[in-house]
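Below you'll find the structure, written out as structure tokens, and then a few comments.
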Amino acid sequence: MIALTRRYEFPAAHLLAHPSFSDAENRRIYGKCANPNGHGHDYGVEVTVSGPVDAESGRIIEPALLDAIFDERIQARFAHRNLNADAAFRERVPTAENIALVIHEALAPAIAERSTAQLVRVRVQETRKNSFVYGAMA
């Protein structure tokens, strides 16, 4: 099996706070990330797809197509925005774990509809020390 991984970035802000928790409980769980003013990150995102190699092009998916899908589904939606305001985070705290899940949910159907590739995993790098993977771990 062959896989392709492309790397992307987008800047966004978020506030880590569960609406049913008290301010004190949110501070205990999320620490400084529960600051009511929020904070931002330059998120790094790796998108890995796999699928059959096209006999003519020799590719799983055209990289420009994957870039276009990412731009349409992720960049346009999240870049330079407060993630808490997005509908996907009305019921979920916008942790990096949930961001990886939401990105996967947004990309998987678009990739499948526009190519023979399948989304294998999404990796979100929030800081130099923290990254999170949704999908295949290998």
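Order determines the names: the first chain of the structure tokens is A, the second B, and so forth; residues in each chain are numbered 1 upward, and ligands are numbered 1 upward as they are shown.
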Report the residues of segment 20-128 of chain A whose backbone DSSP state falls under strand (DSSP E), written as a CSV table (one decimal) with N, CA, C and O atoms, in the first residue's frame.
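Heads up, here's the output in states_22.csv:
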chain,number,residue,atom,x,y,z
A,39,HIS,N,-6.7,32.3,22.9
A,39,HIS,CA,-5.3,32.3,22.5
A,39,HIS,C,-5.2,31.7,21.1
A,39,HIS,O,-6.2,31.0,20.7
A,40,GLY,N,-4.1,31.8,20.4
A,40,GLY,CA,-4.0,31.3,19.1
A,40,GLY,C,-2.8,30.4,18.9
A,40,GLY,O,-1.9,30.3,19.7
A,41,HIS,N,-2.9,29.7,17.8
A,41,HIS,CA,-1.8,28.8,17.4
A,41,HIS,C,-1.6,28.9,15.8
A,41,HIS,O,-2.6,29.2,15.1
A,42,ASP,N,-0.5,28.5,15.4
A,42,ASP,CA,-0.2,28.3,14.0
A,42,ASP,C,-0.3,26.7,13.9
A,42,ASP,O,0.7,26.1,14.1
A,43,TYR,N,-1.4,26.2,13.6
A,43,TYR,CA,-1.6,24.8,13.5
A,43,TYR,C,-0.9,24.2,12.3
A,43,TYR,O,-1.0,24.7,11.2
A,44,GLY,N,-0.2,23.1,12.5
A,44,GLY,CA,0.4,22.3,11.4
A,44,GLY,C,-0.5,21.1,11.2
A,44,GLY,O,-1.0,20.5,12.2
A,45,VAL,N,-0.9,20.8,9.9
A,45,VAL,CA,-1.7,19.7,9.7
A,45,VAL,C,-1.1,18.8,8.6
A,45,VAL,O,-0.7,19.3,7.6
A,46,GLU,N,-1.0,17.5,8.9
A,46,GLU,CA,-0.6,16.5,7.9
A,46,GLU,C,-1.8,15.7,7.5
A,46,GLU,O,-2.5,15.2,8.4
A,47,VAL,N,-2.0,15.6,6.2
A,47,VAL,CA,-3.1,14.8,5.7
A,47,VAL,C,-2.5,13.7,4.9
A,47,VAL,O,-1.7,13.9,4.0
A,48,THR,N,-2.9,12.4,5.3
A,48,THR,CA,-2.4,11.2,4.6
A,48,THR,C,-3.5,10.5,3.9
A,48,THR,O,-4.6,10.2,4.5
A,49,VAL,N,-3.3,10.3,2.6
A,49,VAL,CA,-4.3,9.5,1.8
A,49,VAL,C,-3.6,8.3,1.2
A,49,VAL,O,-2.4,8.2,1.1
A,50,SER,N,-4.4,7.3,0.9
A,50,SER,CA,-3.9,6.1,0.3
A,50,SER,C,-4.9,5.6,-0.7
A,50,SER,O,-6.1,6.0,-0.7
A,81,ARG,N,-9.6,32.5,12.2
A,81,ARG,CA,-10.9,32.5,12.9
A,81,ARG,C,-10.8,32.0,14.3
A,81,ARG,O,-9.8,31.4,14.7
A,82,ASN,N,-11.8,32.3,15.1
A,82,ASN,CA,-12.0,31.7,16.4
A,82,ASN,C,-12.7,30.4,16.2
A,82,ASN,O,-13.9,30.4,15.8
A,118,GLN,N,-8.4,7.5,-0.4
A,118,GLN,CA,-9.2,7.5,0.8
A,118,GLN,C,-8.3,8.2,1.9
A,118,GLN,O,-7.1,8.0,1.9
A,119,LEU,N,-9.0,9.0,2.7
A,119,LEU,CA,-8.2,9.6,3.8
A,119,LEU,C,-7.9,8.6,4.9
A,119,LEU,O,-8.7,7.8,5.3
A,120,VAL,N,-6.6,8.5,5.2
A,120,VAL,CA,-6.1,7.5,6.1
A,120,VAL,C,-5.9,8.1,7.5
A,120,VAL,O,-6.3,7.5,8.5
A,121,ARG,N,-5.4,9.4,7.6
A,121,ARG,CA,-5.2,10.0,8.9
A,121,ARG,C,-5.0,11.5,8.8
A,121,ARG,O,-4.6,12.0,7.7
A,122,VAL,N,-5.2,12.2,9.8
A,122,VAL,CA,-5.0,13.6,10.0
A,122,VAL,C,-4.2,13.8,11.2
A,122,VAL,O,-4.5,13.2,12.3
A,123,ARG,N,-3.1,14.5,11.1
A,123,ARG,CA,-2.2,14.8,12.3
A,123,ARG,C,-2.2,16.3,12.5
A,123,ARG,O,-2.0,17.0,11.5
A,124,VAL,N,-2.6,16.7,13.6
A,124,VAL,CA,-2.6,18.2,14.0
A,124,VAL,C,-1.4,18.5,14.9
A,124,VAL,O,-1.4,17.8,16.0
A,125,GLN,N,-0.6,19.4,14.6
A,125,GLN,CA,0.5,19.8,15.4
A,125,GLN,C,0.1,21.2,16.0
A,125,GLN,O,-0.1,22.1,15.2
Selection near Leu66 of chain A, 12 Å with only C-alpha atoms, sequence-local residues under 4 positions removed, as a PyMOL selection string: chain A and resi 4-8+46-50+59-62+70-74+107-108+110-119
Create the file for the chosen residues now, containing N, CA, C and O atoms and written as a tab-separated table (two decimals), in the first residue's frame.
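Below you can see out-v2.tsv, which holds the result:
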chain	number	residue	atom	x	y	z
A	4	LEU	N	0.29	8.97	0.54
A	4	LEU	CA	0.83	10.31	0.31
A	4	LEU	C	0.47	11.16	1.52
A	4	LEU	O	-0.68	11.14	1.97
A	5	THR	N	1.43	11.90	2.04
A	5	THR	CA	1.17	12.85	3.12
A	5	THR	C	1.54	14.24	2.65
A	5	THR	O	2.64	14.46	2.13
A	6	ARG	N	0.59	15.17	2.81
A	6	ARG	CA	0.83	16.58	2.49
A	6	ARG	C	0.73	17.37	3.79
A	6	ARG	O	-0.06	17.04	4.67
A	7	ARG	N	1.54	18.43	3.89
A	7	ARG	CA	1.56	19.27	5.08
A	7	ARG	C	0.95	20.64	4.77
A	7	ARG	O	1.21	21.21	3.70
A	8	TYR	N	0.18	21.12	5.74
A	8	TYR	CA	-0.49	22.41	5.61
A	8	TYR	C	-0.37	23.16	6.93
A	8	TYR	O	-0.04	22.57	7.95
A	46	GLU	N	-1.02	17.51	8.90
A	46	GLU	CA	-0.59	16.53	7.91
A	46	GLU	C	-1.80	15.71	7.52
A	46	GLU	O	-2.53	15.21	8.38
A	47	VAL	N	-2.02	15.60	6.22
A	47	VAL	CA	-3.13	14.83	5.68
A	47	VAL	C	-2.53	13.66	4.90
A	47	VAL	O	-1.74	13.88	3.98
A	48	THR	N	-2.90	12.44	5.28
A	48	THR	CA	-2.38	11.24	4.61
A	48	THR	C	-3.52	10.53	3.91
A	48	THR	O	-4.56	10.25	4.52
A	49	VAL	N	-3.31	10.27	2.62
A	49	VAL	CA	-4.28	9.53	1.82
A	49	VAL	C	-3.60	8.29	1.24
A	49	VAL	O	-2.38	8.25	1.09
A	50	SER	N	-4.42	7.31	0.91
A	50	SER	CA	-3.91	6.09	0.31
A	50	SER	C	-4.92	5.64	-0.74
A	50	SER	O	-6.09	6.00	-0.68
A	59	ARG	N	0.17	8.38	-9.88
A	59	ARG	CA	-0.12	9.02	-8.59
A	59	ARG	C	-1.37	8.44	-7.95
A	59	ARG	O	-2.26	7.94	-8.62
A	60	ILE	N	-1.45	8.60	-6.62
A	60	ILE	CA	-2.64	8.21	-5.86
A	60	ILE	C	-3.72	9.27	-6.05
A	60	ILE	O	-4.88	8.98	-6.23
A	61	ILE	N	-3.29	10.53	-5.96
A	61	ILE	CA	-4.15	11.70	-6.12
A	61	ILE	C	-3.26	12.83	-6.60
A	61	ILE	O	-2.08	12.88	-6.24
A	62	GLU	N	-3.77	13.69	-7.41
A	62	GLU	CA	-3.00	14.85	-7.82
A	62	GLU	C	-2.79	15.75	-6.59
A	62	GLU	O	-3.77	16.11	-5.93
A	70	PHE	N	-8.22	20.79	0.66
A	70	PHE	CA	-7.84	21.33	1.97
A	70	PHE	C	-8.18	22.81	2.05
A	70	PHE	O	-8.74	23.28	3.06
A	71	ASP	N	-7.87	23.56	1.00
A	71	ASP	CA	-8.16	25.00	1.01
A	71	ASP	C	-9.66	25.26	1.14
A	71	ASP	O	-10.07	26.13	1.91
A	72	GLU	N	-10.47	24.50	0.40
A	72	GLU	CA	-11.92	24.69	0.41
A	72	GLU	C	-12.54	24.29	1.75
A	72	GLU	O	-13.40	24.99	2.28
A	73	ARG	N	-12.12	23.14	2.26
A	73	ARG	CA	-12.78	22.57	3.44
A	73	ARG	C	-12.19	23.00	4.78
A	73	ARG	O	-12.89	23.00	5.78
A	74	ILE	N	-10.89	23.37	4.78
A	74	ILE	CA	-10.24	23.69	6.05
A	74	ILE	C	-9.76	25.14	6.09
A	74	ILE	O	-10.17	25.90	6.97
A	107	LEU	N	-12.70	16.43	5.56
A	107	LEU	CA	-11.94	16.04	4.36
A	107	LEU	C	-12.34	14.69	3.77
A	107	LEU	O	-12.33	14.54	2.55
A	108	ALA	N	-12.66	13.72	4.60
A	108	ALA	CA	-12.88	12.35	4.12
A	108	ALA	C	-13.90	12.27	2.99
A	108	ALA	O	-13.61	11.67	1.94
A	110	ALA	N	-15.00	14.59	0.92
A	110	ALA	CA	-14.58	15.36	-0.25
A	110	ALA	C	-13.49	14.64	-1.04
A	110	ALA	O	-13.50	14.63	-2.27
A	111	ILE	N	-12.56	14.01	-0.34
A	111	ILE	CA	-11.50	13.26	-1.00
A	111	ILE	C	-12.09	12.06	-1.72
A	111	ILE	O	-11.77	11.79	-2.88
A	112	ALA	N	-12.99	11.35	-1.06
A	112	ALA	CA	-13.61	10.17	-1.66
A	112	ALA	C	-14.48	10.53	-2.87
A	112	ALA	O	-14.52	9.78	-3.85
A	113	GLU	N	-15.16	11.67	-2.82
A	113	GLU	CA	-16.02	12.10	-3.93
A	113	GLU	C	-15.23	12.54	-5.15
A	113	GLU	O	-15.71	12.41	-6.27
A	114	ARG	N	-14.03	13.07	-4.94
A	114	ARG	CA	-13.29	13.69	-6.05
A	114	ARG	C	-12.07	12.90	-6.50
A	114	ARG	O	-11.33	13.36	-7.37
A	115	SER	N	-11.87	11.70	-5.91
A	115	SER	CA	-10.71	10.90	-6.32
A	115	SER	C	-10.96	9.44	-5.94
A	115	SER	O	-11.97	9.12	-5.34
A	116	THR	N	-10.00	8.59	-6.27
A	116	THR	CA	-10.08	7.19	-5.83
A	116	THR	C	-9.32	6.99	-4.52
A	116	THR	O	-9.28	5.88	-4.00
A	117	ALA	N	-8.73	8.05	-4.00
A	117	ALA	CA	-7.98	7.98	-2.74
A	117	ALA	C	-8.95	7.98	-1.56
A	117	ALA	O	-10.09	8.45	-1.66
A	118	GLN	N	-8.44	7.49	-0.43
A	118	GLN	CA	-9.18	7.50	0.83
A	118	GLN	C	-8.32	8.20	1.88
A	118	GLN	O	-7.11	7.99	1.93
A	119	LEU	N	-8.97	8.98	2.73
A	119	LEU	CA	-8.25	9.63	3.82
A	119	LEU	C	-7.86	8.58	4.86
A	119	LEU	O	-8.72	7.84	5.34
From segment 25-103 of chain A, collect each residue whose DSSP state is helix (DSSP H, G or I) and return the set as a ChimeraX atom specification. /A:25-34,63-78,83-85,87-89,96-103
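Using only C-alpha atoms, the smallest distance between any of A:Ala64, A:Leu16, A:Met1, A:Ile69 and Asn84 of chain A comes from A:Leu16.
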Might you pull out every residue within 12 Å of Phe89 of chain A, with only C-alpha atoms counted and same-chain residues fewer than 6 positions away left off, and present them as a ChimeraX atom specification? /A:14-19,78,82-83,95-99,101-103
Of the candidates A:Asn26, A:Gly135, A:Cys33, A:Ala106, which shows the shortest atom-to-atom distance to Gln75 of chain A, using only C-alpha atoms? A:Ala106
